[in-house]
There are 2 protein chains.
Amino acid sequence: MDKAGFMAAADHQCQQQGVKLTALRRQVLELVLAHEGVVKAYQVLADLQRERGIAAPPTVYRALDFLVEAGLLHKVDALNGYIVCSHVGCCHEGLILVCTACGSVNELEAAPALDTLRQQAAAQGFAIAQQNLLLTGLCQACRV
Amino acid sequence: MDKAGFMAAADHQCQQQGVKLTALRRQVLELVLAHEGVVKAYQVLADLQRERGIAAPPTVYRALDFLVEAGLLHKVDALNGYIVCSHVGCCHEGLILVCTACGSVNELEAAPALDTLRQQAAAQGFAIAQQNLLLTGLCQACRV
DNA sequence: AACGGTGTTGTTATATAGTAACATTTAAGA
DNA sequence: TCTTAAATGTTACTATATAACAACACCGTT
């Protein structure tokens with residue numbers, strides 16, 4: 001999806017959810033989209049400062065939290081960063097693949113196996129709120 | 001496994017791997033074992049300072065990194081913490097379940113589903129180096 | 001025992017990440 | 001318009017992690 005398309009989908013999704021994609025949140029989302037792969041909060045902060053002259057960490061963290069909550073971004077804890085959700089609108093989070101060589105990030109669609117995992121967790125009485133599934137390694141392009 | 005048993009298994013495993021479980025690493029491992037659930041690096045640092053009078057962050061991080069590398073601990077990125085590996089000696093990392101209510105952590109044994117995931121990643125040409133699979137939610141005891 | 005290399009630990013300083021608390025502004029309804 | 005809730009600004013701070021270099025300990029060789 002191109003950036004304009006993503007922004008349109010973001011607008012739509014926020015409207016659906018009854019939450020507001022304000023100017024600031026929109027700007028932060030665009031800054032994240034402007035990068036490839038994983039983006040760090042302080043990178044976004046620097047970008048934002050360039051565009052607006054001044055900004056403090058909470059400004060960025062609040063916007064990023066909102067965007068994660070809205071399902072537009074995912075937080076990648078293992079990298080202290082954020083990625084754009086590849087599946088806006090179709091709700092499922094996948095398995096995140098991070099290449100240590102080129103830094104690229106992909107969301108692998110693996111619904112059946114993930115469902116199995118969730119069921120096994122549920123079988124132990126565990127009620128899942130969030131998932132955070134990440135594999136680190138070498139992508140096809142880099143493993144040559 | 002009790003603590004003494006774990007330390008014995010740790011000794012054995014390090015010997016197998018040809019790496020050294022030095023006095024410092026041993027002490028750090030014991031400090032981690034002394035806690036339930038997730039332990040933070042700076043908590044270990046504080047404990048270590050209590051026992052030895054002085055210690056700096058790199059001392060602790062190096063020891064923790066070593067212990068993770070040796071397969072005795074897992075790093076839980078989503079919590080910036082470490083947990084004791086439940087399966088020392090039998091090599092498989094599982095799926096980590098973290099309860100947001102009581103803070104308890106369990107490693108769920110889910111080899112078949114995890115294998116499927118890995119195969120799906122591999123099918124895309126991705127060579128897995130590390131995995132980091134975590135579910136957050138409520139454990140059986142807390143969901144009542 | 002003396003030497004030299006490797007790995008471990010100590011030390012200082014600093015980089016990076018994230019949040020608490022309160023003030024101010026904006027938006028939306030009564 | 002007034003009021004209230006949400007959003008943003010601001011200051012200060014806490015928490016997490018690493019770089020870089022120095023000192024030391026261990027181990028095999030001469």
# chains A, B, ... in the order shown; residues from 1 in each chain; ligands from 1
call {"tool": "select_by_dssp", "arguments": {"residues": "segment 2-137 of chain B", "states": "strand (DSSP E)", "output": "ChimeraX atom specification"}}
result
/B:73-76,81-84,95-99,105-108,127-137
call {"tool": "write_last_selection", "arguments": {"atoms": "N, CA and C atoms", "output": "mmCIF file, in the first residue's frame"}}
result
data_model
loop_
_atom_site.group_PDB
_atom_site.id
_atom_site.type_symbol
_atom_site.label_atom_id
_atom_site.label_comp_id
_atom_site.auth_asym_id
_atom_site.auth_seq_id
_atom_site.Cartn_x
_atom_site.Cartn_y
_atom_site.Cartn_z
ATOM 1 N N LEU B 73 19.309 -18.203 30.959
ATOM 2 C CA LEU B 73 18.267 -17.194 31.144
ATOM 3 C C LEU B 73 17.680 -16.850 29.779
ATOM 4 N N HIS B 74 16.492 -16.264 29.822
ATOM 5 C CA HIS B 74 15.919 -15.649 28.624
ATOM 6 C C HIS B 74 15.738 -14.177 28.907
ATOM 7 N N LYS B 75 15.966 -13.397 27.873
ATOM 8 C CA LYS B 75 15.676 -11.974 28.007
ATOM 9 C C LYS B 75 14.241 -11.751 27.553
ATOM 10 N N VAL B 76 13.488 -11.026 28.338
ATOM 11 C CA VAL B 76 12.112 -10.706 27.983
ATOM 12 C C VAL B 76 12.065 -9.228 27.605
ATOM 13 N N GLY B 81 13.467 -7.286 31.008
ATOM 14 C CA GLY B 81 13.876 -8.117 32.131
ATOM 15 C C GLY B 81 14.368 -9.481 31.688
ATOM 16 N N TYR B 82 14.637 -10.310 32.683
ATOM 17 C CA TYR B 82 15.193 -11.627 32.433
ATOM 18 C C TYR B 82 14.426 -12.660 33.251
ATOM 19 N N ILE B 83 14.324 -13.854 32.694
ATOM 20 C CA ILE B 83 13.731 -14.949 33.456
ATOM 21 C C ILE B 83 14.658 -16.160 33.365
ATOM 22 N N VAL B 84 14.535 -17.016 34.345
ATOM 23 C CA VAL B 84 15.301 -18.255 34.343
ATOM 24 C C VAL B 84 14.691 -19.187 33.304
ATOM 25 N N LEU B 95 7.254 -20.472 24.363
ATOM 26 C CA LEU B 95 6.470 -19.266 24.232
ATOM 27 C C LEU B 95 6.304 -18.723 25.648
ATOM 28 N N ILE B 96 6.598 -17.484 25.833
ATOM 29 C CA ILE B 96 6.559 -16.923 27.179
ATOM 30 C C ILE B 96 5.209 -16.269 27.449
ATOM 31 N N LEU B 97 4.614 -16.650 28.540
ATOM 32 C CA LEU B 97 3.317 -16.093 28.936
ATOM 33 C C LEU B 97 3.522 -15.196 30.147
ATOM 34 N N VAL B 98 3.146 -13.951 30.016
ATOM 35 C CA VAL B 98 3.318 -13.006 31.106
ATOM 36 C C VAL B 98 1.955 -12.538 31.597
ATOM 37 N N CYS B 99 1.714 -12.688 32.877
ATOM 38 C CA CYS B 99 0.452 -12.216 33.447
ATOM 39 C C CYS B 99 0.597 -10.770 33.879
ATOM 40 N N VAL B 105 5.407 -15.389 35.196
ATOM 41 C CA VAL B 105 5.886 -15.704 33.858
ATOM 42 C C VAL B 105 5.993 -17.206 33.716
ATOM 43 N N ASN B 106 5.492 -17.721 32.616
ATOM 44 C CA ASN B 106 5.635 -19.142 32.337
ATOM 45 C C ASN B 106 6.123 -19.346 30.921
ATOM 46 N N GLU B 107 6.917 -20.383 30.779
ATOM 47 C CA GLU B 107 7.301 -20.775 29.441
ATOM 48 C C GLU B 107 6.378 -21.901 29.019
ATOM 49 N N LEU B 108 5.577 -21.637 28.008
ATOM 50 C CA LEU B 108 4.666 -22.649 27.507
ATOM 51 C C LEU B 108 5.398 -23.531 26.513
ATOM 52 N N ALA B 127 16.120 -17.037 7.560
ATOM 53 C CA ALA B 127 16.948 -17.913 8.396
ATOM 54 C C ALA B 127 16.926 -17.417 9.829
ATOM 55 N N ILE B 128 16.264 -18.152 10.681
ATOM 56 C CA ILE B 128 16.040 -17.697 12.047
ATOM 57 C C ILE B 128 17.286 -17.813 12.910
ATOM 58 N N ALA B 129 17.595 -16.730 13.588
ATOM 59 C CA ALA B 129 18.709 -16.758 14.522
ATOM 60 C C ALA B 129 18.177 -16.782 15.953
ATOM 61 N N GLN B 130 17.218 -15.955 16.218
ATOM 62 C CA GLN B 130 16.683 -15.874 17.572
ATOM 63 C C GLN B 130 15.193 -15.757 17.529
ATOM 64 N N GLN B 131 14.576 -16.247 18.568
ATOM 65 C CA GLN B 131 13.149 -16.054 18.627
ATOM 66 C C GLN B 131 12.774 -15.341 19.909
ATOM 67 N N ASN B 132 11.670 -14.687 19.852
ATOM 68 C CA ASN B 132 11.253 -13.804 20.919
ATOM 69 C C ASN B 132 9.735 -13.801 20.877
ATOM 70 N N LEU B 133 9.154 -14.776 21.534
ATOM 71 C CA LEU B 133 7.720 -14.986 21.409
ATOM 72 C C LEU B 133 7.056 -14.820 22.756
ATOM 73 N N LEU B 134 6.171 -13.868 22.836
ATOM 74 C CA LEU B 134 5.610 -13.518 24.128
ATOM 75 C C LEU B 134 4.137 -13.184 24.007
ATOM 76 N N LEU B 135 3.381 -13.708 24.940
ATOM 77 C CA LEU B 135 1.977 -13.342 25.023
ATOM 78 C C LEU B 135 1.729 -12.692 26.378
ATOM 79 N N THR B 136 0.971 -11.623 26.344
ATOM 80 C CA THR B 136 0.626 -10.917 27.565
ATOM 81 C C THR B 136 -0.852 -11.126 27.842
ATOM 82 N N GLY B 137 -1.206 -11.273 29.098
ATOM 83 C CA GLY B 137 -2.614 -11.455 29.418
ATOM 84 C C GLY B 137 -2.802 -11.785 30.880
#
call {"tool": "closest_atom_pairs", "arguments": {"of": "chain D", "to": "segment 13-29 of chain C", "cutoff": "10 Å", "atoms": "only C-alpha atoms (C1' of nucleotides)", "output": "JSON lines"}}
result
{"residue": "D:DT3", "atom": "C1'", "partner": "C:DG29", "partner_atom": "C1'", "distance": 9.0}
{"residue": "D:DT4", "atom": "C1'", "partner": "C:DG29", "partner_atom": "C1'", "distance": 8.9}
{"residue": "D:DA5", "atom": "C1'", "partner": "C:DA28", "partner_atom": "C1'", "distance": 9.0}
{"residue": "D:DA6", "atom": "C1'", "partner": "C:DA27", "partner_atom": "C1'", "distance": 8.0}
{"residue": "D:DA7", "atom": "C1'", "partner": "C:DT26", "partner_atom": "C1'", "distance": 7.3}
{"residue": "D:DT8", "atom": "C1'", "partner": "C:DT25", "partner_atom": "C1'", "distance": 7.2}
{"residue": "D:DG9", "atom": "C1'", "partner": "C:DT24", "partner_atom": "C1'", "distance": 6.9}
{"residue": "D:DT10", "atom": "C1'", "partner": "C:DA23", "partner_atom": "C1'", "distance": 7.7}
{"residue": "D:DT11", "atom": "C1'", "partner": "C:DC22", "partner_atom": "C1'", "distance": 9.2}
{"residue": "D:DA12", "atom": "C1'", "partner": "C:DA20", "partner_atom": "C1'", "distance": 9.0}
{"residue": "D:DC13", "atom": "C1'", "partner": "C:DA20", "partner_atom": "C1'", "distance": 8.1}
{"residue": "D:DT14", "atom": "C1'", "partner": "C:DT19", "partner_atom": "C1'", "distance": 7.5}
{"residue": "D:DA15", "atom": "C1'", "partner": "C:DG18", "partner_atom": "C1'", "distance": 7.3}
{"residue": "D:DT16", "atom": "C1'", "partner": "C:DA17", "partner_atom": "C1'", "distance": 6.8}
{"residue": "D:DA17", "atom": "C1'", "partner": "C:DT16", "partner_atom": "C1'", "distance": 7.2}
{"residue": "D:DT18", "atom": "C1'", "partner": "C:DA15", "partner_atom": "C1'", "distance": 7.3}
{"residue": "D:DA19", "atom": "C1'", "partner": "C:DT14", "partner_atom": "C1'", "distance": 8.1}
{"residue": "D:DA20", "atom": "C1'", "partner": "C:DA13", "partner_atom": "C1'", "distance": 9.2}
call {"tool": "interface_residues", "arguments": {"of": "chain A", "to": "chain D", "cutoff": "9 Å", "atoms": "only C-alpha atoms (C1' of nucleotides)", "output": "count of residues only"}}
result
5
call {"tool": "residues_around", "arguments": {"residues": "Cys14 of chain B", "least_positions_apart": "2", "cutoff": "12 Å", "atoms": "only C-alpha atoms (C1' of nucleotides)", "output": "list in words"}}
result
Met7, Ala8, Ala9, Ala10, Asp11, His12, Gln16, Gln17, Gly18, Val19, Lys20, Leu21, Thr22, Arg25, Arg26, Phe66, Leu67, Val68, Glu69, Ala70, Gly71, Leu72, Val88 and Gly89 of chain B
call {"tool": "closest_atom_pairs", "arguments": {"of": "chain A", "to": "chain C", "cutoff": "9 Å", "atoms": "only C-alpha atoms (C1' of nucleotides)", "output": "JSON lines"}}
result
{"residue": "A:Ala41", "atom": "CA", "partner": "C:DA17", "partner_atom": "C1'", "distance": 8.3}
{"residue": "A:Tyr42", "atom": "CA", "partner": "C:DA17", "partner_atom": "C1'", "distance": 8.2}
{"residue": "A:Pro57", "atom": "CA", "partner": "C:DG18", "partner_atom": "C1'", "distance": 8.3}
{"residue": "A:Pro58", "atom": "CA", "partner": "C:DT19", "partner_atom": "C1'", "distance": 7.9}
{"residue": "A:Tyr61", "atom": "CA", "partner": "C:DG18", "partner_atom": "C1'", "distance": 8.2}
{"residue": "A:Asn80", "atom": "CA", "partner": "C:DA17", "partner_atom": "C1'", "distance": 7.8}
